[in-house]
2 protein chains.
Amino acid sequence: MTTTTHPLLARIARSTAATDTPTAPLAALHQWWQEVREADDSRVELIPFEAMRSWSFAPGTGNLVHDTGRFFSVEGLRVHRPEGPVPHWSQPILNQPEVGVLGILAKEFGGVLHFLMQAKMEPGNCNGLQLSPTVQATLSNYTRVHKGGSVPYIDHFLSRDRHRVLVDVRQSEQGSWFHRKRNRNMVVEVTEDVEVRPGFRWVTLGQLHRLLAVDDLVNMDARSILACLPFPFEGVTGEGRREPGTELLSWLTEARSMERVLAERVPLAGLPGWRRRPDRISHEDGAFFDIVAVDVTTGGREVGGWTQPLLRPRGQGVSAFVTKRVGGVRHVLASVRVEAGCADVLELGPTVQYTPENYARLPAGALPPLLDEVLGAPAERVLFDTVLSEEGGRLHHARSRYLIVEEDANVGDGADGGHRGDGGPPGSPGHRWIPMDELVGLMQHSHYVNVEARTLVACLQSVCGPAERRPARSHGKGA
Amino acid sequence: MTTTTHPLLARIARSTAATDTPTAPLAALHQWWQEVREADDSRVELIPFEAMRSWSFAPGTGNLVHDTGRFFSVEGLRVHRPEGPVPHWSQPILNQPEVGVLGILAKEFGGVLHFLMQAKMEPGNCNGLQLSPTVQATLSNYTRVHKGGSVPYIDHFLSRDRHRVLVDVRQSEQGSWFHRKRNRNMVVEVTEDVEVRPGFRWVTLGQLHRLLAVDDLVNMDARSILACLPFPFEGVTGEGRREPGTELLSWLTEARSMERVLAERVPLAGLPGWRRRPDRISHEDGAFFDIVAVDVTTGGREVGGWTQPLLRPRGQGVSAFVTKRVGGVRHVLASVRVEAGCADVLELGPTVQYTPENYARLPAGALPPLLDEVLGAPAERVLFDTVLSEEGGRLHHARSRYLIVEEDANVGDGADGGHRGDGGPPGSPGHRWIPMDELVGLMQHSHYVNVEARTLVACLQSVCGPAERRPARSHGKGA
């Protein structure tokens, strides 16, 4: 492996090390965040479906749709997975065929890369505002006539040729809730002057990493984008990302080829196991999630007020990476995850990803593998432990506990991880140790790394980067 | 760019240079091919649909299905592409959700890599036998009880850990005819002894390249697999494949994000514009393709005789790459192609890909761009020109003329091709010059390079490789 470092990787390392700059003074950042939160006058209330404006259940299918056919719809999905633990089921699913832009502007100030972040209210956020990318826009938002204003900064992402593109890849969202959803994750570096509008702020990577340790502060879209950047994880040099090897790709090809999963869109009406009540659609066991409706009022957003449906998960998820260094290079233990809404059968996910509530009525043997390794780890091996929100545009108070756990050096497969035939721990063929530069290489393409794993990669940047800062569990709970 | 050559690339160069080896004497190859063709006693006859055994039109949908639900089905597809040249249409489509294995065994003899090829009859072949991969098998073929024999050599591809995997990637088939079809393209190198069964033969890459210049000899699946190998195209060193750059990936991400195409499976019965007759389903204009039925009898195949539907294209396709060297490195001019059956919106295709018959009733302005550049090129710039068959398992006499044309040095965008913002010729934003090592890098992943372009990459190996052999158009028309 080469030991030279690519200029971009060196610049990312520099931005990671910078937590207080003249452009982005740390004290002013905290002050700003407090101010924008206090100024947030938005209000979100749960309402019955019939109180929604412009949304209704379509005759025949019973799908929940907007009058214009835009935004998204709630439909049914019937899934067959004959060899899976649950061979067939039906569920509501969010369908939004358009590809949105999730973009972060980057610019150097004083030789340090800064990123333009937005304090953005989403109706499903549990806390109103979260720190969000420069732009979150659907194709409808930015290409068609819209009742509200235009999307600030969108032009920078639509004219790639004028700028330097650091990241540009369509990535998935939660495959259990969204049907084949993809959004375009972008980082575009500019050199020209950029006006900082109210609610926007330049911050460094080091600051973003600190804020990641605060519950529900950095939003899902921002985490997803940050994860795709080349990054100087411990032992990673060169370009910070590496072409995935034939061995890893072959393992993924095999997993996808042997998996039989058939997901068919069906009408929402009459979906087996699901009941529609005046104010929600729920599973008869009270598990998984509900579909609910909200009324939103706000002064600051492009449209002053609106109503819409949201998907409200039951229970808080847990997603965790077990990690270790092999030959000095940071690795994570990834798993293959088949989800009904996957655009291509399965994606790589965290070591453990599950919602305890959904397992509550199953026998103990049905629990995910390696759960004890994660939840039973002593504090000194827990590198990261924060509750973060999933996206608030279509999900209601969706929160997950994200954990990064250093592997117990006394167990596992020792120093050869990632270099053997299957590369995973004995007895778990669905897991594999992957070096971080190879994982980042995969993230330059669609369909490989799921959104929970991408959040964890962003979190891993904050604890296994060049500076090797390792906040303890209790750090930074207030920004 | 490094000038060292990876050991595998050097071995592929050696196999390309070898056209006559003790293991694979050239004269014996020709002799063998003549013998197997003479011994082929298969017979294929067009029959009315009602004469099919085990196939029927399902009540309600009218889909053409097998009694067991296996193999494939003929269904309907309704396509919306509001900004496309044809904003909506309906068509029959072949649906086969299982991922098959297309595998070639490789082994060194006397220091030269040889590939185990099969003389295989397919019912849709225009000429009975074609030279095919070691294995062509569906998941049903090799994992379930089957009326015929087991699949020879399949074990080598199901136990990857025992061998060296050179290629393992799921690739698409024709998006105009197949719904999201993927097959697993594999090359596996073994060191153990392998029994050569009747109808199989070890050949070198150099021999395969010669045979590619013969009409309808090397089958589509073999071409698709060969294209995925790292290859020492002119100016290409290192590993023979290179991680696609951010610029290329960003261009593809943008094309996919801006495209609105919605393809929905619908019943075959009542498909607008299509009529079912006793012996075929045809478009009312007589264009595109028919669905027909055949009766097959053969002594050599695993099942002695059967009936099945096939898709019979109207007219012969034309697929062409325009190519040039930039800074000594071989490039091709690729285009983005939206096809209704694409699993992910669009893939990269040839410079030109079209079927003249389907354009016959359109105004001249509707013809594909760059058509004159390809069809009007003088003989000295035509590096490859051969009619090759598409796959014969579900297509009937599907043939295309494959052309490789050296760019006229006096036109085009000169020496900066592949390095500019859009990288393509002026006025054609859907085209882009791509260096061969980057294109081969893309082919290590699914969803990037369509099957016609992969055929052309295999053909390009035969004329722009390390030895720079350039057969004239008339060469090798008889093997």
# chains A, B, ... in the order shown; residues from 1 in each chain; ligands from 1
$ residues_around --residues "Arg184 in chain A" --least-positions-apart "4" --cutoff "7 Å" --atoms "only C-alpha atoms" --output "PDB file with N, CA, C and O atoms, in the first residue's frame"
ATOM      1  N   VAL A  99     -35.835  11.095  -8.000  1.00  0.00           N
ATOM      2  CA  VAL A  99     -34.549  11.178  -7.314  1.00  0.00           C
ATOM      3  C   VAL A  99     -34.347  12.609  -6.825  1.00  0.00           C
ATOM      4  O   VAL A  99     -34.322  13.541  -7.626  1.00  0.00           O
ATOM      5  N   GLY A 100     -34.241  12.797  -5.523  1.00  0.00           N
ATOM      6  CA  GLY A 100     -33.989  14.116  -4.972  1.00  0.00           C
ATOM      7  C   GLY A 100     -32.500  14.426  -4.902  1.00  0.00           C
ATOM      8  O   GLY A 100     -31.664  13.535  -5.036  1.00  0.00           O
ATOM      9  N   VAL A 101     -32.185  15.702  -4.718  1.00  0.00           N
ATOM     10  CA  VAL A 101     -30.804  16.120  -4.518  1.00  0.00           C
ATOM     11  C   VAL A 101     -30.567  16.413  -3.039  1.00  0.00           C
ATOM     12  O   VAL A 101     -31.298  17.201  -2.435  1.00  0.00           O
ATOM     13  N   LEU A 102     -29.595  15.741  -2.447  1.00  0.00           N
ATOM     14  CA  LEU A 102     -29.112  16.068  -1.116  1.00  0.00           C
ATOM     15  C   LEU A 102     -27.687  16.562  -1.303  1.00  0.00           C
ATOM     16  O   LEU A 102     -26.787  15.777  -1.612  1.00  0.00           O
ATOM     17  N   ASP A 168     -20.847  12.387  -5.774  1.00  0.00           N
ATOM     18  CA  ASP A 168     -22.072  12.452  -6.571  1.00  0.00           C
ATOM     19  C   ASP A 168     -22.544  11.033  -6.837  1.00  0.00           C
ATOM     20  O   ASP A 168     -22.127  10.389  -7.793  1.00  0.00           O
ATOM     21  N   VAL A 169     -23.413  10.534  -5.975  1.00  0.00           N
ATOM     22  CA  VAL A 169     -23.846   9.143  -6.095  1.00  0.00           C
ATOM     23  C   VAL A 169     -25.264   9.011  -5.528  1.00  0.00           C
ATOM     24  O   VAL A 169     -25.585   9.622  -4.517  1.00  0.00           O
ATOM     25  N   ARG A 170     -26.093   8.245  -6.220  1.00  0.00           N
ATOM     26  CA  ARG A 170     -27.448   8.000  -5.694  1.00  0.00           C
ATOM     27  C   ARG A 170     -27.380   6.925  -4.617  1.00  0.00           C
ATOM     28  O   ARG A 170     -26.846   5.845  -4.830  1.00  0.00           O
ATOM     29  N   GLN A 171     -27.891   7.245  -3.452  1.00  0.00           N
ATOM     30  CA  GLN A 171     -27.861   6.279  -2.346  1.00  0.00           C
ATOM     31  C   GLN A 171     -29.283   5.964  -1.880  1.00  0.00           C
ATOM     32  O   GLN A 171     -30.205   6.758  -2.053  1.00  0.00           O
TER      33      GLN A 171
END
$ atom_distance --atom1 "CA of Pro232 in chain A" --atom2 "CA of Thr323 in chain A"
15.6 Å
$ interface_residues --of "chain B" --to "chain A" --cutoff "8 Å" --atoms "only C-alpha atoms" --output "ChimeraX atom specification"
/B:98-100,139,161,165-170,184,242-243,246-247,249-250,253,257-258,260,421-422,444-445
$ select_by_dssp --residues "range 7-245 of chain B" --states "alpha helix (DSSP H)" --output "PyMOL selection string"
chain B and resi 7-17+26-39+139-143+154-158+205-212+220-227
$ atom_distance --atom1 "CA of Leu212 in chain A" --atom2 "CA of Gly376 in chain A"
22.9 Å
$ decode --residues "range 228-253 of chain B" --atoms "N, CA, C and O atoms" --output "mmCIF file, in the first residue's frame"
data_model
loop_
_atom_site.group_PDB
_atom_site.id
_atom_site.type_symbol
_atom_site.label_atom_id
_atom_site.label_comp_id
_atom_site.auth_asym_id
_atom_site.auth_seq_id
_atom_site.Cartn_x
_atom_site.Cartn_y
_atom_site.Cartn_z
ATOM 1 N N CYS B 228 -15.685 -8.803 -19.469
ATOM 2 C CA CYS B 228 -15.456 -8.384 -18.082
ATOM 3 C C CYS B 228 -14.033 -8.637 -17.603
ATOM 4 O O CYS B 228 -13.649 -8.164 -16.523
ATOM 5 N N LEU B 229 -13.256 -9.415 -18.352
ATOM 6 C CA LEU B 229 -11.861 -9.684 -17.963
ATOM 7 C C LEU B 229 -11.032 -8.409 -18.036
ATOM 8 O O LEU B 229 -11.223 -7.588 -18.939
ATOM 9 N N PRO B 230 -10.101 -8.235 -17.099
ATOM 10 C CA PRO B 230 -9.111 -7.171 -17.304
ATOM 11 C C PRO B 230 -8.378 -7.463 -18.601
ATOM 12 O O PRO B 230 -8.133 -8.624 -18.920
ATOM 13 N N PHE B 231 -8.049 -6.429 -19.354
ATOM 14 C CA PHE B 231 -7.480 -6.690 -20.672
ATOM 15 C C PHE B 231 -6.474 -5.610 -21.055
ATOM 16 O O PHE B 231 -6.723 -4.428 -20.830
ATOM 17 N N PRO B 232 -5.332 -6.042 -21.646
ATOM 18 C CA PRO B 232 -4.291 -5.070 -22.030
ATOM 19 C C PRO B 232 -4.582 -4.373 -23.346
ATOM 20 O O PRO B 232 -3.846 -4.536 -24.322
ATOM 21 N N PHE B 233 -5.666 -3.587 -23.367
ATOM 22 C CA PHE B 233 -5.895 -2.745 -24.536
ATOM 23 C C PHE B 233 -4.710 -1.805 -24.714
ATOM 24 O O PHE B 233 -3.974 -1.524 -23.754
ATOM 25 N N GLU B 234 -4.554 -1.295 -25.922
ATOM 26 C CA GLU B 234 -3.430 -0.377 -26.196
ATOM 27 C C GLU B 234 -3.336 0.706 -25.128
ATOM 28 O O GLU B 234 -4.328 1.358 -24.815
ATOM 29 N N GLY B 235 -2.161 0.871 -24.575
ATOM 30 C CA GLY B 235 -1.929 1.933 -23.599
ATOM 31 C C GLY B 235 -2.391 1.589 -22.197
ATOM 32 O O GLY B 235 -2.178 2.364 -21.260
ATOM 33 N N VAL B 236 -3.034 0.450 -22.009
ATOM 34 C CA VAL B 236 -3.552 0.070 -20.694
ATOM 35 C C VAL B 236 -2.532 -0.814 -19.985
ATOM 36 O O VAL B 236 -2.101 -1.824 -20.536
ATOM 37 N N THR B 237 -2.149 -0.402 -18.782
ATOM 38 C CA THR B 237 -1.191 -1.193 -18.018
ATOM 39 C C THR B 237 -1.779 -1.437 -16.624
ATOM 40 O O THR B 237 -2.989 -1.428 -16.449
ATOM 41 N N GLY B 238 -0.921 -1.619 -15.645
ATOM 42 C CA GLY B 238 -1.407 -1.834 -14.276
ATOM 43 C C GLY B 238 -2.239 -3.099 -14.210
ATOM 44 O O GLY B 238 -1.850 -4.146 -14.726
ATOM 45 N N GLU B 239 -3.425 -2.987 -13.601
ATOM 46 C CA GLU B 239 -4.287 -4.147 -13.433
ATOM 47 C C GLU B 239 -5.207 -4.370 -14.636
ATOM 48 O O GLU B 239 -6.001 -5.309 -14.654
ATOM 49 N N GLY B 240 -5.164 -3.462 -15.597
ATOM 50 C CA GLY B 240 -6.026 -3.624 -16.767
ATOM 51 C C GLY B 240 -7.439 -3.167 -16.515
ATOM 52 O O GLY B 240 -8.313 -3.287 -17.369
ATOM 53 N N ARG B 241 -7.677 -2.670 -15.323
ATOM 54 C CA ARG B 241 -8.969 -2.064 -15.009
ATOM 55 C C ARG B 241 -8.725 -1.049 -13.926
ATOM 56 O O ARG B 241 -7.811 -1.200 -13.121
ATOM 57 N N ARG B 242 -9.543 -0.025 -13.895
ATOM 58 C CA ARG B 242 -9.258 1.112 -13.048
ATOM 59 C C ARG B 242 -10.557 1.588 -12.440
ATOM 60 O O ARG B 242 -11.600 1.583 -13.085
ATOM 61 N N GLU B 243 -10.471 1.994 -11.180
ATOM 62 C CA GLU B 243 -11.632 2.546 -10.490
ATOM 63 C C GLU B 243 -12.183 3.718 -11.298
ATOM 64 O O GLU B 243 -11.444 4.642 -11.620
ATOM 65 N N PRO B 244 -13.474 3.677 -11.631
ATOM 66 C CA PRO B 244 -14.033 4.797 -12.397
ATOM 67 C C PRO B 244 -13.892 6.095 -11.617
ATOM 68 O O PRO B 244 -14.119 6.135 -10.410
ATOM 69 N N GLY B 245 -13.515 7.152 -12.305
ATOM 70 C CA GLY B 245 -13.294 8.431 -11.646
ATOM 71 C C GLY B 245 -14.593 9.115 -11.247
ATOM 72 O O GLY B 245 -15.671 8.803 -11.766
ATOM 73 N N THR B 246 -14.483 10.067 -10.317
ATOM 74 C CA THR B 246 -15.659 10.803 -9.835
ATOM 75 C C THR B 246 -16.364 11.516 -10.979
ATOM 76 O O THR B 246 -17.590 11.591 -11.020
ATOM 77 N N GLU B 247 -15.582 12.014 -11.944
ATOM 78 C CA GLU B 247 -16.160 12.753 -13.063
ATOM 79 C C GLU B 247 -17.109 11.885 -13.888
ATOM 80 O O GLU B 247 -18.238 12.265 -14.194
ATOM 81 N N LEU B 248 -16.641 10.670 -14.216
ATOM 82 C CA LEU B 248 -17.470 9.746 -15.001
ATOM 83 C C LEU B 248 -18.697 9.324 -14.194
ATOM 84 O O LEU B 248 -19.825 9.318 -14.698
ATOM 85 N N LEU B 249 -18.492 8.985 -12.931
ATOM 86 C CA LEU B 249 -19.611 8.527 -12.103
ATOM 87 C C LEU B 249 -20.632 9.638 -11.904
ATOM 88 O O LEU B 249 -21.841 9.402 -11.894
ATOM 89 N N SER B 250 -20.144 10.880 -11.772
ATOM 90 C CA SER B 250 -21.048 12.007 -11.583
ATOM 91 C C SER B 250 -21.892 12.238 -12.838
ATOM 92 O O SER B 250 -23.096 12.525 -12.756
ATOM 93 N N TRP B 251 -21.284 12.081 -14.000
ATOM 94 C CA TRP B 251 -22.013 12.225 -15.266
ATOM 95 C C TRP B 251 -23.133 11.180 -15.354
ATOM 96 O O TRP B 251 -24.268 11.485 -15.734
ATOM 97 N N LEU B 252 -22.825 9.952 -14.949
ATOM 98 C CA LEU B 252 -23.833 8.895 -14.958
ATOM 99 C C LEU B 252 -24.913 9.144 -13.907
ATOM 100 O O LEU B 252 -26.099 8.904 -14.141
ATOM 101 N N THR B 253 -24.508 9.613 -12.728
ATOM 102 C CA THR B 253 -25.483 9.901 -11.674
ATOM 103 C C THR B 253 -26.455 10.959 -12.143
ATOM 104 O O THR B 253 -27.670 10.854 -11.940
#
